[in-house]
Structure formats: C-alpha cells, structure tokens
Amino acid sequence: MRERLSILGLPLDPLSMSEAVGWAIGKLNTKSPWQVVTLNPEIVVRALRDENLARAVAAAELVTADGVGILWAAKRLCRLSLPGRVSGVDLTLKLFDEAGSDLRVFFLGGRPGVAEEAAANAAAEYGVVVAGSQHGYFEEAQPVVEKISRSGANVVLAGMGEKQEVFLHRYKNELAASLLIGVGGTLDVLAGRVKRVPSWAQKLNIEWLLRIALDRKRWPRAARLLKFAVMVERERRARNTGC
C-alpha cells in the first residue's frame, strides 16, 4: 500500500486499478473483513455532515478514487496525479474477470429482482459462485445480516446508494465475508437494467457528466459536485503544503 492521502479529511489510497484488484484478491478468504469504499465527491460532501458516514470511510481498509472529481482534488490538494479512476463498477468487473470462480459473492441492493438478475448474469459471464442475493428495500437489518453470514460468501457487493458504506461498516464483523465493497449502481449494470455510457466517454472521464445530462433525476447531484469543487478550492488556499 502506498501512503494514504487526505481529501477534505477523508482518506484516499492512490492505487491504480491493477493494484486495487491485486489488493482485493490478496484479501480473499482471510479471516478478517476488509471494507472497500470507492470515494466520489458526493460521498465526501455527505460525510462532512454525516458522522456515521465519515467514520465508515475513515475505518475502511481501502479507499479508491471513484470519479474524475477525486482525481482533480488530489491534484489540487496533494499536488499528485493519481494513476486513474477505480470506480465501483470497474473494480467489480475486473475482480470478476481475474478471480472468477474463486469468488463466492453475495449480491445486496437494488430494487426487488435486480440483485437476482445481477447474480445470474455474473455467474453466467464470469463464473462467479452466487452465495446469495437480497434487494435493498428491507426494513430490518439483522435478518439480512444473518442471511449473509450463513451464505458462505467471501465477497459482499453492496449497491445500496447512500446507505451502503455505513451498513457495511456497522455490520462488518457479523457478515463473515472477507471483502465488503460498496458498489453503487453496479448491480443495475450487471442486471442489464442500466447501460453504461459509451467507452469514449469513460476514457475521457466525462461519464458522470453524461449521466447527469441524460437523467433529470441526477440533476440535484450537480449541486453537490459544485459544492465539492468550492470546498476543495477553499482548502487549497488554506494550506500551502501537499497531503
């Protein structure tokens, strides 16, 4: 692991995609749980007013740069060009591609039916073992935690939006899995419910911009991105040294 950076008080591990995947594979089937947070500007903004989220991110064993905003912030605040994005969906697909049948995955999140479809497609395409699945619209957490614990999963993919990091942190030692990864909308992508933007947009790091432009429900997220940018610039002016 390289030395951690600090982005507005939250940790960031400056790893490339291949390094992050290698780290994750190295943690499979270990006795201790390892939480992965794919950090984006929205999480940073929310964490500044949500103590539970801030604690969850701070305690995560791996925090990667999910989004061009984090790459930009690292350059502005830490004077460092990161190797590239390590998003939840890309990390998941690379991990599936390299580890395949070594993964016993519990798919958690999404609307009813999404996790099951994501699991079936992942098994068919990558050969991963499906340990179980559960939609994200549950009221009582403990029965879900017990279901995961009994499943024999060594990986939990949690696509629960704003709740996923806190859920994984809170029940970390009860889930009985080695890798706990917050993956956002990855389950929708795996299920075929949401299509990724064209590869050219991903290479140009404007995937986020296209998603906001094409989906009116995402427009409020632009306000958070603007707030993040303002906060980064204020922090940069307040300090003269790097991270």
# chains A, B, ... in the order shown; residues from 1 in each chain; ligands from 1
>>> residues_around(residues="stretch 158-167 of chain A", least_positions_apart="6", cutoff="10 Å", atoms="only C-alpha atoms", output="PyMOL selection string")
chain A and resi 35-38+42-43+46+51-57+60+88+106-111+115+134-137+141+145+180-188
>>> select_by_dssp(residues="chain A", states="alpha helix (DSSP H)", output="JSON, numbers by chain")
{"A": [17, 18, 19, 20, 21, 22, 23, 24, 25, 26, 27, 41, 42, 43, 44, 45, 46, 47, 51, 52, 53, 54, 55, 56, 57, 58, 59, 68, 69, 70, 71, 72, 73, 74, 75, 76, 77, 78, 88, 89, 90, 91, 92, 93, 94, 95, 96, 97, 98, 99, 114, 115, 116, 117, 118, 119, 120, 121, 122, 123, 124, 125, 126, 141, 142, 143, 144, 145, 146, 147, 148, 149, 150, 151, 164, 165, 166, 167, 168, 169, 170, 186, 187, 188, 189, 190, 191, 199, 200, 201, 202, 203, 207, 208, 209, 210, 211, 212, 213, 214, 219, 220, 221, 222, 223, 224, 225, 226, 227, 228, 229, 230, 231, 232, 233, 234, 235, 236, 237, 238]}
>>> closest_residue(among="A:Asp50, A:Glu174, A:Asp102, A:Glu3", to="A:Ala131", atoms="only C-alpha atoms")
A:Asp102
>>> select_by_dssp(residues="stretch 8-200 of chain A", states="strand (DSSP E or B)", output="CSV table (one decimal) with N, CA and C atoms, in the first residue's frame")
chain,number,residue,atom,x,y,z
A,10,LEU,N,-10.8,13.1,4.6
A,10,LEU,CA,-11.1,11.6,4.4
A,10,LEU,C,-9.9,11.0,3.7
A,11,PRO,N,-9.7,9.7,4.0
A,11,PRO,CA,-8.5,9.0,3.4
A,11,PRO,C,-8.7,8.6,2.0
A,12,LEU,N,-7.6,8.5,1.3
A,12,LEU,CA,-7.7,8.1,-0.1
A,12,LEU,C,-6.4,7.3,-0.4
A,34,TRP,N,-12.4,-6.9,5.2
A,34,TRP,CA,-11.8,-5.7,4.7
A,34,TRP,C,-12.8,-4.9,3.9
A,35,GLN,N,-13.0,-3.7,4.3
A,35,GLN,CA,-14.0,-2.9,3.6
A,35,GLN,C,-13.4,-2.0,2.5
A,36,VAL,N,-14.0,-1.9,1.4
A,36,VAL,CA,-13.6,-1.1,0.3
A,36,VAL,C,-14.6,0.0,0.0
A,37,VAL,N,-14.2,1.3,0.0
A,37,VAL,CA,-15.0,2.4,-0.3
A,37,VAL,C,-14.5,3.0,-1.6
A,38,THR,N,-15.4,3.1,-2.6
A,38,THR,CA,-15.0,3.8,-3.8
A,38,THR,C,-15.5,5.3,-3.7
A,39,LEU,N,-14.5,6.1,-3.4
A,39,LEU,CA,-14.8,7.5,-3.0
A,39,LEU,C,-15.2,8.4,-4.2
A,62,LEU,N,-9.5,0.0,2.4
A,62,LEU,CA,-9.1,0.5,1.1
A,62,LEU,C,-10.1,1.6,0.6
A,63,VAL,N,-9.6,2.8,0.2
A,63,VAL,CA,-10.5,3.8,-0.3
A,63,VAL,C,-9.9,4.3,-1.6
A,64,THR,N,-10.7,4.0,-2.7
A,64,THR,CA,-10.2,4.3,-4.0
A,64,THR,C,-10.8,5.6,-4.6
A,65,ALA,N,-10.3,6.1,-5.7
A,65,ALA,CA,-10.8,7.3,-6.3
A,65,ALA,C,-11.8,6.9,-7.4
A,104,ARG,N,-17.1,-16.2,-4.1
A,104,ARG,CA,-18.4,-16.6,-3.6
A,104,ARG,C,-19.1,-15.3,-3.2
A,105,VAL,N,-20.0,-14.8,-4.1
A,105,VAL,CA,-20.5,-13.4,-3.9
A,105,VAL,C,-21.9,-13.3,-3.4
A,106,PHE,N,-22.1,-12.4,-2.5
A,106,PHE,CA,-23.5,-12.1,-2.1
A,106,PHE,C,-23.8,-10.8,-2.7
A,107,PHE,N,-24.9,-10.7,-3.5
A,107,PHE,CA,-25.3,-9.5,-4.1
A,107,PHE,C,-26.4,-8.8,-3.3
A,108,LEU,N,-26.1,-7.6,-2.8
A,108,LEU,CA,-27.0,-6.9,-1.9
A,108,LEU,C,-27.4,-5.6,-2.4
A,109,GLY,N,-28.7,-5.3,-2.7
A,109,GLY,CA,-29.1,-4.0,-3.1
A,109,GLY,C,-30.0,-3.9,-4.3
A,129,VAL,N,-19.3,-17.7,-8.2
A,129,VAL,CA,-20.3,-18.5,-7.4
A,129,VAL,C,-21.2,-17.6,-6.7
A,130,VAL,N,-22.5,-17.8,-6.9
A,130,VAL,CA,-23.5,-17.0,-6.2
A,130,VAL,C,-23.8,-17.5,-4.8
A,131,ALA,N,-23.4,-16.8,-3.8
A,131,ALA,CA,-23.7,-17.2,-2.4
A,131,ALA,C,-25.1,-16.8,-2.0
A,132,GLY,N,-25.6,-15.8,-2.6
A,132,GLY,CA,-27.0,-15.3,-2.2
A,132,GLY,C,-27.2,-13.9,-2.8
A,133,SER,N,-28.5,-13.5,-2.6
A,133,SER,CA,-28.9,-12.2,-3.1
A,133,SER,C,-30.0,-11.6,-2.2
A,134,GLN,N,-30.1,-10.3,-2.2
A,134,GLN,CA,-31.1,-9.7,-1.4
A,134,GLN,C,-31.3,-8.2,-1.9
A,155,VAL,N,-17.2,-12.5,-0.6
A,155,VAL,CA,-17.4,-11.1,-1.1
A,155,VAL,C,-18.8,-10.7,-1.0
A,156,VAL,N,-19.0,-9.5,-0.4
A,156,VAL,CA,-20.3,-8.9,-0.4
A,156,VAL,C,-20.3,-7.6,-1.2
A,157,LEU,N,-21.1,-7.6,-2.3
A,157,LEU,CA,-21.2,-6.4,-3.1
A,157,LEU,C,-22.5,-5.6,-2.6
A,158,ALA,N,-22.3,-4.5,-2.1
A,158,ALA,CA,-23.5,-3.7,-1.6
A,158,ALA,C,-23.8,-2.5,-2.5
A,159,GLY,N,-24.9,-2.6,-3.2
A,159,GLY,CA,-25.3,-1.5,-4.0
A,159,GLY,C,-26.5,-0.8,-3.4
A,179,LEU,N,-14.2,-9.7,1.8
A,179,LEU,CA,-14.3,-8.4,1.1
A,179,LEU,C,-15.7,-7.8,1.2
A,180,LEU,N,-15.8,-6.6,1.6
A,180,LEU,CA,-17.1,-5.9,1.6
A,180,LEU,C,-16.9,-4.6,0.8
A,181,ILE,N,-17.6,-4.6,-0.4
A,181,ILE,CA,-17.4,-3.5,-1.3
A,181,ILE,C,-18.7,-2.7,-1.6
A,182,GLY,N,-18.6,-1.4,-1.4
A,182,GLY,CA,-19.8,-0.6,-1.8
A,182,GLY,C,-19.7,-0.3,-3.3
>>> closest_residue(among="A:Leu5, A:Val114, A:Leu91, A:Leu77", to="A:Ala20", atoms="only C-alpha atoms")
A:Leu91
>>> closest_residue(among="A:Glu61, A:Glu235, A:Glu117, A:Glu19", to="A:Leu190", atoms="only C-alpha atoms")
A:Glu117
>>> closest_residue(among="A:Lys27, A:Leu226, A:Ser178, A:Phe96", to="A:Ala124", atoms="only C-alpha atoms")
A:Phe96
>>> closest_residue(among="A:Gly69, A:Gly84, A:Ala47, A:Thr30", to="A:Pro14", atoms="only C-alpha atoms")
A:Gly84
>>> closest_residue(among="A:Arg4, A:Ser32, A:Asn40, A:Trp23", to="A:Phe228", atoms="only C-alpha atoms")
A:Asn40
>>> atom_distance(atom1="atom CA of A:Ser18", atom2="atom CA of A:Glu125")
20.6 Å
>>> decode(residues="stretch 7-50 of chain A", atoms="N, CA and C atoms", output="tab-separated table (two decimals), in the first residue's frame")
chain	number	residue	atom	x	y	z
A	7	ILE	N	-8.25	13.80	1.59
A	7	ILE	CA	-9.10	14.68	0.78
A	7	ILE	C	-10.20	15.23	1.67
A	8	LEU	N	-10.06	16.48	2.07
A	8	LEU	CA	-11.04	17.14	2.95
A	8	LEU	C	-11.30	16.31	4.21
A	9	GLY	N	-10.22	15.75	4.75
A	9	GLY	CA	-10.31	15.00	5.99
A	9	GLY	C	-10.61	13.53	5.85
A	10	LEU	N	-10.84	13.06	4.63
A	10	LEU	CA	-11.12	11.64	4.40
A	10	LEU	C	-9.93	10.97	3.73
A	11	PRO	N	-9.69	9.69	4.01
A	11	PRO	CA	-8.53	9.00	3.44
A	11	PRO	C	-8.74	8.65	1.98
A	12	LEU	N	-7.64	8.52	1.27
A	12	LEU	CA	-7.66	8.09	-0.13
A	12	LEU	C	-6.38	7.32	-0.41
A	13	ASP	N	-6.53	6.11	-0.94
A	13	ASP	CA	-5.38	5.29	-1.31
A	13	ASP	C	-5.09	5.48	-2.80
A	14	PRO	N	-3.92	6.00	-3.15
A	14	PRO	CA	-3.62	6.34	-4.55
A	14	PRO	C	-3.17	5.12	-5.36
A	15	LEU	N	-4.05	4.15	-5.53
A	15	LEU	CA	-3.72	2.93	-6.24
A	15	LEU	C	-4.29	2.93	-7.65
A	16	SER	N	-3.62	2.24	-8.55
A	16	SER	CA	-4.15	2.02	-9.89
A	16	SER	C	-5.19	0.91	-9.84
A	17	MET	N	-5.90	0.72	-10.93
A	17	MET	CA	-6.90	-0.35	-10.97
A	17	MET	C	-6.25	-1.71	-10.74
A	18	SER	N	-5.14	-1.98	-11.40
A	18	SER	CA	-4.49	-3.29	-11.25
A	18	SER	C	-4.00	-3.49	-9.82
A	19	GLU	N	-3.52	-2.43	-9.18
A	19	GLU	CA	-3.08	-2.54	-7.80
A	19	GLU	C	-4.26	-2.81	-6.87
A	20	ALA	N	-5.38	-2.14	-7.11
A	20	ALA	CA	-6.56	-2.33	-6.27
A	20	ALA	C	-7.11	-3.75	-6.42
A	21	VAL	N	-7.16	-4.25	-7.65
A	21	VAL	CA	-7.64	-5.61	-7.88
A	21	VAL	C	-6.71	-6.62	-7.21
A	22	GLY	N	-5.40	-6.40	-7.35
A	22	GLY	CA	-4.44	-7.30	-6.70
A	22	GLY	C	-4.59	-7.29	-5.19
A	23	TRP	N	-4.81	-6.11	-4.63
A	23	TRP	CA	-5.04	-6.00	-3.19
A	23	TRP	C	-6.27	-6.79	-2.80
A	24	ALA	N	-7.35	-6.63	-3.55
A	24	ALA	CA	-8.60	-7.31	-3.23
A	24	ALA	C	-8.46	-8.83	-3.31
A	25	ILE	N	-7.81	-9.32	-4.34
A	25	ILE	CA	-7.62	-10.76	-4.50
A	25	ILE	C	-6.78	-11.31	-3.35
A	26	GLY	N	-5.81	-10.51	-2.91
A	26	GLY	CA	-4.97	-10.95	-1.80
A	26	GLY	C	-5.71	-11.06	-0.48
A	27	LYS	N	-6.87	-10.44	-0.38
A	27	LYS	CA	-7.65	-10.48	0.87
A	27	LYS	C	-8.71	-11.58	0.86
A	28	LEU	N	-8.91	-12.24	-0.27
A	28	LEU	CA	-9.93	-13.29	-0.34
A	28	LEU	C	-9.63	-14.41	0.66
A	29	ASN	N	-10.68	-14.84	1.32
A	29	ASN	CA	-10.62	-15.98	2.24
A	29	ASN	C	-9.73	-15.73	3.45
A	30	THR	N	-9.45	-14.47	3.77
A	30	THR	CA	-8.77	-14.17	5.02
A	30	THR	C	-9.80	-14.14	6.14
A	31	LYS	N	-9.34	-14.22	7.35
A	31	LYS	CA	-10.26	-14.30	8.48
A	31	LYS	C	-10.83	-12.93	8.86
A	32	SER	N	-10.11	-11.89	8.54
A	32	SER	CA	-10.57	-10.55	8.90
A	32	SER	C	-11.36	-9.93	7.74
A	33	PRO	N	-12.36	-9.11	8.06
A	33	PRO	CA	-13.11	-8.42	6.99
A	33	PRO	C	-12.37	-7.17	6.54
A	34	TRP	N	-12.45	-6.89	5.24
A	34	TRP	CA	-11.78	-5.73	4.65
A	34	TRP	C	-12.81	-4.94	3.86
A	35	GLN	N	-13.03	-3.71	4.26
A	35	GLN	CA	-14.03	-2.89	3.59
A	35	GLN	C	-13.39	-1.99	2.54
A	36	VAL	N	-14.04	-1.91	1.38
A	36	VAL	CA	-13.58	-1.07	0.28
A	36	VAL	C	-14.62	0.03	0.03
A	37	VAL	N	-14.16	1.27	0.03
A	37	VAL	CA	-15.00	2.42	-0.32
A	37	VAL	C	-14.48	3.00	-1.62
A	38	THR	N	-15.36	3.14	-2.60
A	38	THR	CA	-14.97	3.83	-3.84
A	38	THR	C	-15.46	5.26	-3.70
A	39	LEU	N	-14.53	6.14	-3.39
A	39	LEU	CA	-14.85	7.50	-2.97
A	39	LEU	C	-15.16	8.41	-4.15
A	40	ASN	N	-16.28	9.11	-4.06
A	40	ASN	CA	-16.61	10.11	-5.06
A	40	ASN	C	-16.95	11.43	-4.36
A	41	PRO	N	-17.04	12.53	-5.10
A	41	PRO	CA	-17.31	13.83	-4.46
A	41	PRO	C	-18.58	13.86	-3.61
A	42	GLU	N	-19.61	13.14	-4.03
A	42	GLU	CA	-20.86	13.15	-3.26
A	42	GLU	C	-20.67	12.54	-1.88
A	43	ILE	N	-19.91	11.45	-1.81
A	43	ILE	CA	-19.64	10.84	-0.51
A	43	ILE	C	-18.88	11.81	0.38
A	44	VAL	N	-17.92	12.52	-0.19
A	44	VAL	CA	-17.14	13.48	0.60
A	44	VAL	C	-18.06	14.56	1.16
A	45	VAL	N	-18.92	15.13	0.34
A	45	VAL	CA	-19.82	16.19	0.79
A	45	VAL	C	-20.77	15.67	1.86
A	46	ARG	N	-21.32	14.49	1.65
A	46	ARG	CA	-22.25	13.93	2.65
A	46	ARG	C	-21.54	13.62	3.96
A	47	ALA	N	-20.29	13.14	3.87
A	47	ALA	CA	-19.55	12.74	5.07
A	47	ALA	C	-19.25	13.93	5.98
A	48	LEU	N	-19.19	15.11	5.41
A	48	LEU	CA	-18.90	16.29	6.21
A	48	LEU	C	-20.06	16.68	7.13
A	49	ARG	N	-21.26	16.15	6.85
A	49	ARG	CA	-22.40	16.41	7.74
A	49	ARG	C	-22.99	15.13	8.32
A	50	ASP	N	-22.39	13.99	7.99
A	50	ASP	CA	-22.88	12.70	8.48
A	50	ASP	C	-21.73	11.98	9.19
